[in-house]
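Presented below is the structure to which this report refers.
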Amino acid sequence: MGRAVMVGRGPAGAGGLVLSVLIILTTEGCRAQKGDGCGPSVLGPSSGTLSSLGYPGTYPNNTVCEWEISVPRGDRIHFRFAELDIENSDCQVNYLRLYNGIGPERIEIVKYCGLGLKVTELIESTGNEVTVQFMSGTHHTGRGFYLSYSSTEHADLITCQDKGTDFPQAEFSKYCPAGCLTSTGEISGTIPNGYRESSPLCLAAVHAGVVSNAVGGRISVVSSKGIPHYEGTLANNVTSTGGTLSNSLFTFRTNGCYGTLGLESGGVADTQLSASSVWEWNISGQHREWVPSGARLKKEGLPWAPSQSDQQQWLQIDLKREKRVTGIATTGSTLREYQYYVSAYRVLYSNDGHQWYTYRETNSTQDKIFQGNINYLHEVRNNFIPPIEARFVRINPILWHQRIALKLELLGCQIPAGKQRLLISRQTNKVKQDSRPSPRMIPTSRRTPPPAGTKRPPHLGQTTHTPDIRNTTMPPHTNKDVALAAVLVPVLVMVLTALVLTVVCAWHWRNRKKSSEGTYDLPHWDRTDWWKSMKQLLPSKMVESEDSVRYSSSEVGRITGRGSVPRLHAEPAEYAQPLVSGVTTLGARSTFKPDEGPDPGYSDPDLYDAPISPDVYHAYAEPLPASGSEYATPIVVDMGCHPSGGSSMNQPAAVCSFMGAGPASLLARTDNSQSGRLAYDTPKNATGQVTPTEDLTYQVPQSCTQKPSGQS
């Protein structure tokens, strides 16, 4: 039998790197270390870690250490260096040497010395036994060495100092050696949120409970985008520190058995919790009981505390059926006035509540002592590798602060139904052979007889199973049909929604179009001042074609016939001002605004201007009818008051009279395009021809004052 030194790392608050040396009796799969220059090392059955004394500081002078390593027959051993920094370049006094074999017949494989050496290749043995020798003489510098080894079946071996930044892949799998608690690296983060990319992978895996420090194991790593803050916790003897935002993080893929088992949620009833004793007291009339039901994690109030603080006290949880337990989380009292907590404890388990077994690590004959809390408030997690499968679990405090006080939660999951039936069948057969019931065991190929008075848990075998840890940062594996449905359903909903909206919009537009038919109103562009001014200059038919004059439904109702012209009430800006001031009310041919109310002077429905009584005056002319002439005839005023035919300046001084002029002379004066002194407007028919008639009367222009005889 050989022995190996296992180093545990306590919290930074407890003094940084704390060496808690445990002597582990191992199987013949590994040998021993000897000498005075051996640093913290772990020699596992199939992997391990070696370092020089004082690493990462300078190793002492004149020391020597040899490690004898062996793995199962048929396997070979390979080594990977994390650091090699040995003074003396000639390799005569300070060096590291590897041999094939153990004892006098060993053969040298390689010899190293020098400062800052980079050895990237794997160093492989020819057999299943290797001797590692480190020799130091007088020197001044050099950090020594740090290396990992494993059997050659783990070709993807990495060292305990390899970080997440050393592997750019999004997903990868590596093998971590045993003993990475000897690493001096610092990690930041926790599960399930993930670890900062600068954290050493294997040390983070121990903290997460993915691999055991005593055995090592395979890790499946997934990289993803970083988070703003990384939480610091204490778990499995590894303290992680808080960290700030980073570019990326990594976490571990597991099989998902990391749920709580009901203490915090109330799934475990108060009757399922029991204890060796209960602390109760009366002070100033206050009665306090520290009962087992108070031992629920995150529950306010008093925790469980025994009547006396000694190593015979225990707290028991009955899970009602056999379950797989992968871990435990504990706190102290969480009360400022009672700062009590348990700093170390053992875990016992049973299937019947009578036969109890103490938890031990794989290949160990010693009870596992779990590191507890370092204060009364913060949680500390420990994982069981391999997991416990039992109905009853007991916590047995070993060390405490002031007095025992405890709150806890068990982590794990249900055992699969098929495996549960198989286990029950095996247990029933065993009960028939043995009157004493015993818990389910995993048989081991080799078993070391336990010391007297100690019951070894026979279910812990050679094979280390990866603990079940729920990785909430990883998306779950979904069925293809479910994934297809998740894509098609939103698409169909969007298509149906678009069709419904299209139908509704079309129906709304159609109804709006129907409701707008027959409505008389001015178009938007027709309401502008520019268009209103332009209508004064356009021909009447063009104005009609543009629908420039429309009537509301209320006005249309008052129209009784073609001869009846509606009188519209509009704003003054809707019509042009009269060209000649002082003009009396015009007929239906006028383009000016009609008068408000009934017009006593408007009685002739003729298409031309009608005579108007001189005593009736209107501010505006009336609008033209729809059937009027294409063009309006301009009104030409003889500003000098000179009649045609050579009339002289002997006309009356006040008003120029045109009453004596006959129709023929008026027509001649009006149609003469050469005359610049025409004073009357001659009506024309639709073709533009002058239509003389005896009954026509023309607009009377305003009177003009005769120029003084002295002016020209």
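Identifiers in this document derive from the order of the structure tokens: chains are assigned A, B, ..., residues are numbered from 1 separately in each chain, and ligands are numbered from 1 in order of occurrence.
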Next item on the list: Extract the full set of alpha helix (DSSP H) residues from segment 114-291 of chain A according to DSSP on the backbone, and format it as a list in words.
Entry: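 Taking segment 114-291 of chain A and keeping alpha helix (DSSP H) only, one gets Leu201, Cys202, Leu203, Ala204, Ala205, Val206, His207 and Ala208 of chain A.
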Next, write the just-selected residues to a file, as a PDB file, in the first residue's frame, keeping all heavy atoms as the atom set.
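Saved as selection_16.pdb:
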```pdb
ATOM      1  N   LEU A 201     -10.118  25.678 -15.493  1.00  0.00           N
ATOM      2  CA  LEU A 201     -11.246  24.797 -15.795  1.00  0.00           C
ATOM      3  C   LEU A 201     -11.444  23.721 -14.740  1.00  0.00           C
ATOM      4  O   LEU A 201     -12.553  23.513 -14.237  1.00  0.00           O
ATOM      5  CB  LEU A 201     -11.037  24.148 -17.163  1.00  0.00           C
ATOM      6  CG  LEU A 201     -11.226  25.044 -18.390  1.00  0.00           C
ATOM      7  CD1 LEU A 201     -10.725  24.321 -19.634  1.00  0.00           C
ATOM      8  CD2 LEU A 201     -12.688  25.415 -18.551  1.00  0.00           C
ATOM      9  N   CYS A 202     -10.377  23.001 -14.392  1.00  0.00           N
ATOM     10  CA  CYS A 202     -10.527  21.859 -13.490  1.00  0.00           C
ATOM     11  C   CYS A 202     -10.852  22.299 -12.071  1.00  0.00           C
ATOM     12  O   CYS A 202     -11.615  21.626 -11.368  1.00  0.00           O
ATOM     13  CB  CYS A 202      -9.255  21.015 -13.509  1.00  0.00           C
ATOM     14  SG  CYS A 202      -8.948  20.221 -15.109  1.00  0.00           S
ATOM     15  N   LEU A 203     -10.298  23.415 -11.639  1.00  0.00           N
ATOM     16  CA  LEU A 203     -10.624  23.919 -10.310  1.00  0.00           C
ATOM     17  C   LEU A 203     -12.085  24.358 -10.252  1.00  0.00           C
ATOM     18  O   LEU A 203     -12.782  24.116  -9.258  1.00  0.00           O
ATOM     19  CB  LEU A 203      -9.693  25.076  -9.946  1.00  0.00           C
ATOM     20  CG  LEU A 203      -9.751  25.563  -8.505  1.00  0.00           C
ATOM     21  CD1 LEU A 203      -9.405  24.444  -7.533  1.00  0.00           C
ATOM     22  CD2 LEU A 203      -8.815  26.758  -8.305  1.00  0.00           C
ATOM     23  N   ALA A 204     -12.567  24.973 -11.326  1.00  0.00           N
ATOM     24  CA  ALA A 204     -13.982  25.340 -11.390  1.00  0.00           C
ATOM     25  C   ALA A 204     -14.864  24.097 -11.420  1.00  0.00           C
ATOM     26  O   ALA A 204     -15.967  24.096 -10.854  1.00  0.00           O
ATOM     27  CB  ALA A 204     -14.241  26.202 -12.620  1.00  0.00           C
ATOM     28  N   ALA A 205     -14.395  23.030 -12.069  1.00  0.00           N
ATOM     29  CA  ALA A 205     -15.168  21.790 -12.114  1.00  0.00           C
ATOM     30  C   ALA A 205     -15.300  21.166 -10.729  1.00  0.00           C
ATOM     31  O   ALA A 205     -16.342  20.611 -10.375  1.00  0.00           O
ATOM     32  CB  ALA A 205     -14.527  20.802 -13.081  1.00  0.00           C
ATOM     33  N   VAL A 206     -14.249  21.260  -9.908  1.00  0.00           N
ATOM     34  CA  VAL A 206     -14.335  20.776  -8.533  1.00  0.00           C
ATOM     35  C   VAL A 206     -15.322  21.631  -7.748  1.00  0.00           C
ATOM     36  O   VAL A 206     -16.154  21.118  -6.990  1.00  0.00           O
ATOM     37  CB  VAL A 206     -12.941  20.780  -7.870  1.00  0.00           C
ATOM     38  CG1 VAL A 206     -13.056  20.433  -6.396  1.00  0.00           C
ATOM     39  CG2 VAL A 206     -12.020  19.804  -8.569  1.00  0.00           C
ATOM     40  N   HIS A 207     -15.250  22.940  -7.910  1.00  0.00           N
ATOM     41  CA  HIS A 207     -16.178  23.849  -7.225  1.00  0.00           C
ATOM     42  C   HIS A 207     -17.616  23.558  -7.625  1.00  0.00           C
ATOM     43  O   HIS A 207     -18.528  23.567  -6.782  1.00  0.00           O
ATOM     44  CB  HIS A 207     -15.812  25.298  -7.558  1.00  0.00           C
ATOM     45  CG  HIS A 207     -16.669  26.318  -6.892  1.00  0.00           C
ATOM     46  ND1 HIS A 207     -17.863  26.761  -7.450  1.00  0.00           N
ATOM     47  CD2 HIS A 207     -16.533  26.985  -5.721  1.00  0.00           C
ATOM     48  CE1 HIS A 207     -18.400  27.652  -6.655  1.00  0.00           C
ATOM     49  NE2 HIS A 207     -17.619  27.821  -5.597  1.00  0.00           N
ATOM     50  N   ALA A 208     -17.847  23.267  -8.893  1.00  0.00           N
ATOM     51  CA  ALA A 208     -19.201  22.998  -9.380  1.00  0.00           C
ATOM     52  C   ALA A 208     -19.704  21.629  -8.967  1.00  0.00           C
ATOM     53  O   ALA A 208     -20.906  21.351  -9.072  1.00  0.00           O
ATOM     54  CB  ALA A 208     -19.252  23.127 -10.901  1.00  0.00           C
TER      55      ALA A 208
END
```
Could you name the residues that touch Glu409 of chain A at 7 Å or less, counting only C-alpha atoms, but leaving out those on the same chain fewer than 6 positions away, as a PDB file with N, CA and C atoms, in the first residue's frame?
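To be explicit, this is the file written out as around_0.pdb:
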```pdb
ATOM      1  N   THR A 260     -33.619  20.698  -5.654  1.00  0.00           N
ATOM      2  CA  THR A 260     -33.796  20.603  -4.201  1.00  0.00           C
ATOM      3  C   THR A 260     -34.792  19.493  -3.888  1.00  0.00           C
ATOM      4  N   LEU A 263     -36.864  20.496   1.472  1.00  0.00           N
ATOM      5  CA  LEU A 263     -36.805  21.123   2.788  1.00  0.00           C
ATOM      6  C   LEU A 263     -37.195  22.598   2.720  1.00  0.00           C
ATOM      7  N   GLU A 264     -36.631  23.310   1.779  1.00  0.00           N
ATOM      8  CA  GLU A 264     -36.937  24.735   1.656  1.00  0.00           C
ATOM      9  C   GLU A 264     -38.360  24.971   1.172  1.00  0.00           C
ATOM     10  N   ARG A 296     -34.764  24.357   7.993  1.00  0.00           N
ATOM     11  CA  ARG A 296     -35.016  24.489   6.550  1.00  0.00           C
ATOM     12  C   ARG A 296     -34.222  25.679   6.010  1.00  0.00           C
ATOM     13  N   LEU A 297     -33.498  25.448   4.936  1.00  0.00           N
ATOM     14  CA  LEU A 297     -32.668  26.498   4.355  1.00  0.00           C
ATOM     15  C   LEU A 297     -33.535  27.684   3.943  1.00  0.00           C
ATOM     16  N   ILE A 328     -25.399  18.821  -0.702  1.00  0.00           N
ATOM     17  CA  ILE A 328     -26.017  19.417   0.471  1.00  0.00           C
ATOM     18  C   ILE A 328     -25.545  20.864   0.574  1.00  0.00           C
ATOM     19  N   ALA A 329     -26.464  21.768   0.941  1.00  0.00           N
ATOM     20  CA  ALA A 329     -26.141  23.179   1.179  1.00  0.00           C
ATOM     21  C   ALA A 329     -26.522  23.513   2.612  1.00  0.00           C
ATOM     22  N   THR A 330     -25.635  24.206   3.323  1.00  0.00           N
ATOM     23  CA  THR A 330     -25.859  24.490   4.744  1.00  0.00           C
ATOM     24  C   THR A 330     -25.596  25.963   5.046  1.00  0.00           C
TER      25      THR A 330
END
```
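Closest to Tyr99 of chain A among A:Thr131, A:Leu147, A:Pro192, A:Glu124 is A:Thr131, based on only C-alpha atoms.
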Note to self: Which residues are near segment 392-405 of chain A? Cut-off 7 Å, only C-alpha atoms, ignore same chain within fewer than 6 positions. Put them as number ranges by chain.
What the structure shows: A: 303-306, 309, 311, 313-319, 332-333, 340-351, 353
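Note that atom CA of Thr152 of chain A and atom CA of Gly74 of chain A are 10.1 Å apart.
In terms of minimum interatomic distance to Gln355 of chain A, A:Arg391 ranks closest within A:Arg391, A:Thr239, A:Gln308, A:Leu501, counting only C-alpha atoms.
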Note to self: So, with only C-alpha atoms as the atoms that count, which of A:Gly144, A:Pro228, A:Pro168, A:Gly243 lies closest to Gly189 of chain A?
What the structure shows: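 Looking at the shortest contact to Gly189 of chain A, the residue is A:Gly243.
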Item checked: All residues 8 Å or closer to Leu234 of chain A, only C-alpha atoms, same chain fewer than 5 positions away omitted, as a list in words ->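 Counting only C-alpha atoms, the residues come to Pro11, His207, Thr239, Ser240, Glu379, Val380 and Arg381 of chain A.
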Margin query: I'd like the neighbourhood of segment 277-281 of chain A as a VMD selection string, where a residue qualifies if any of its atoms comes within 6 Å (using only C-alpha atoms), though same-chain residues fewer than 3 positions away should be ignored.
Written below: chain A and resid 287 to 291 305 to 307
Checklist line | Residue nearest Thr241 of chain A - candidates A:Leu377, A:Ser198, A:Ile187, A:Asn255, atoms counted: only C-alpha atoms | finding: A:Ile187
Notebook entry, point to check: Which of these residues is nearest to Arg324 of chain A, using only C-alpha atoms: A:Gly185, A:Pro490, A:Pro104, A:Pro416?
Noted result: A:Pro416
Next item on the list: Can you check which residues of segment 178-394 of chain A DSSP gives as strand (DSSP E) on the backbone and send them as a ChimeraX atom specification?
Entry: /A:189-190,194-196,217-225,229-230,234-235,238-239,243-244,248-252,259-260,273-275,279-283,286-290,315-331,341-350,357-358,370-371,380-394
Next item on the list: Find the spatial neighbours of Asp36 of chain A, counting only C-alpha atoms, within a cut-off of 8 Å - ignore same-chain residues fewer than 2 positions away - and output them as an NGL selection string.
Entry: :A and (34 or 38 or 63-65)
